[in-house]
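A.B. asks: Dumping the structure here so I can ask a few things about it.
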Amino acid sequence: STAAATPTPTVSAAAAVVPPPAPAVTYVAPSTANDVPSSVVTPKTVVNGSTVDSSYLPTDAELEGTAIVTMAAGDEAGLTSLALMQSLRDVGTRVPRLVVLLMQGGTGSADCHAAGSGCNGSNAAHIVSQDILDAFARLGVETRVMEPLPTTEFTKQVAGGSRSFWGMAFNKLRIFGMTEFRKLLWFDSDT
């Protein structure tokens, strides 16, 4: 017998929209520990014998110079990055800047492959397709075209070479060159 295939959900670049601002969160301390379901974290929680104040929210001044960063080196990674950035907007992230590093040397975009010759790695639309770039722009996400790390004796040993999934993974280290930020949070878009 043949099992029916489950359709794979897809993310449409055209569907990405900027959501309204997130509502303010209010924490209410319960009157007794018995009032709290086990799945709820209260503002004051004891973890391994230490009291943790989980109600802390950073101020806008503390978030100044902070960004969440991810990477894309082709349309597939571009779509997972788009889903991540849309999710961050949907939950109302207060981190002021969202950045996608568009890594040269990856699989390239459908736009680039359709053009045949003349693909230029420094052209963002040759790394991820223009509809994905447009969706990033609608979400207020910064995109930066980045050169891959130089080939070294260590990166030469990666199965499949520098353009493979694991070869491109070394390019995450480019985040350490983003010194204009005070704080950076790296998210792999495929997790």
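FYI, nothing fancy with the structure tokens labels: chains A, B, ... in order, residues from 1 per chain, ligands from 1 as they appear.
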Which residues, written as a ChimeraX atom specification, have at least one atom at most 6 Å from segment 127-144 of chain A, with only C-alpha atoms counted and residues fewer than 2 positions away on the same chain left out?
C.D. replies: /A:13,16,18,73-75,78,98-102,108-109,111,124-125
A.B. asks: Considering only C-alpha atoms, can you say which of A:Trp186, A:Ala61, A:Gly106, A:Val145 comes closest to Glu76 of chain A?
C.D. replies: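 Ranked by minimum distance to Glu76 of chain A, first place goes to A:Gly106.
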A.B. asks: In Å, how far is it from atom CA of Glu153 of chain A to atom CA of Phe187 of chain A?
C.D. replies: 26.9 Å
A.B. asks: To one decimal in Å, tell me the separation between atom CA of Pro58 of chain A and atom CA of Arg89 of chain A.
C.D. replies: 17.5 Å
A.B. asks: Kindly indicate which residue among A:Thr66, A:Thr151, A:Thr59, A:Thr51 lies nearest to Thr179 of chain A, using only C-alpha atoms for the distances.
C.D. replies: A:Thr66
A.B. asks: May I ask for the distance between atom CA of Thr107 of chain A and atom CA of Leu184 of chain A, given in Å to one decimal place?
C.D. replies: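 That distance, rounded to one decimal, is 26.0 Å.
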A.B. asks: Using only C-alpha atoms, can you tell me which of A:His113, A:Lys44, A:Lys156, A:Arg182 comes closest to Phe170 of chain A?
C.D. replies: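 Checking each of A:His113, A:Lys44, A:Lys156, A:Arg182 against Phe170 of chain A, counting only C-alpha atoms, the winner is A:Lys156.
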A.B. asks: Check segment 122-163 of chain A with DSSP on the backbone and list each residue it calls strand (DSSP E), as a short mmCIF file (atom, residue, chain, number, x, y, z; two decimals) with C-alpha atoms, in the first residue's frame.
C.D. replies:
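Output file selection31.cif is given in full below:
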data_model
loop_
_atom_site.label_atom_id
_atom_site.label_comp_id
_atom_site.auth_asym_id
_atom_site.auth_seq_id
_atom_site.Cartn_x
_atom_site.Cartn_y
_atom_site.Cartn_z
CA GLU A 142 18.32 44.95 7.19
CA THR A 143 20.16 42.83 4.63
CA ARG A 144 23.93 42.89 4.18
CA VAL A 145 25.87 41.21 1.39
CA MET A 146 28.92 39.55 2.94
#
A.B. asks: Fewer than 2 positions away in the same chain doesn't count, so skip those; otherwise give me all residues within 9 Å of Lys183 of chain A, counting only C-alpha atoms, as a list in words.
C.D. replies: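 Residues near the query, excluding close chain neighbours: Leu63, Glu64, Gly65, Thr66, Ala67, Ile68, Phe181 and Leu185 of chain A.
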A.B. asks: Using only C-alpha atoms, pick whichever of A:Val46, A:Ala169, A:Leu57, A:Val95 has the shortest atom-to-atom distance to Asp188 of chain A.
C.D. replies: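 Closest to Asp188 of chain A, using only C-alpha atoms: A:Ala169.
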A.B. asks: Closest to Leu79 of chain A among A:Arg174, A:Ser189, A:Ala115, A:Val91, using only C-alpha atoms?
C.D. replies: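 Result for the nearest residue to Leu79 of chain A: A:Ser189.
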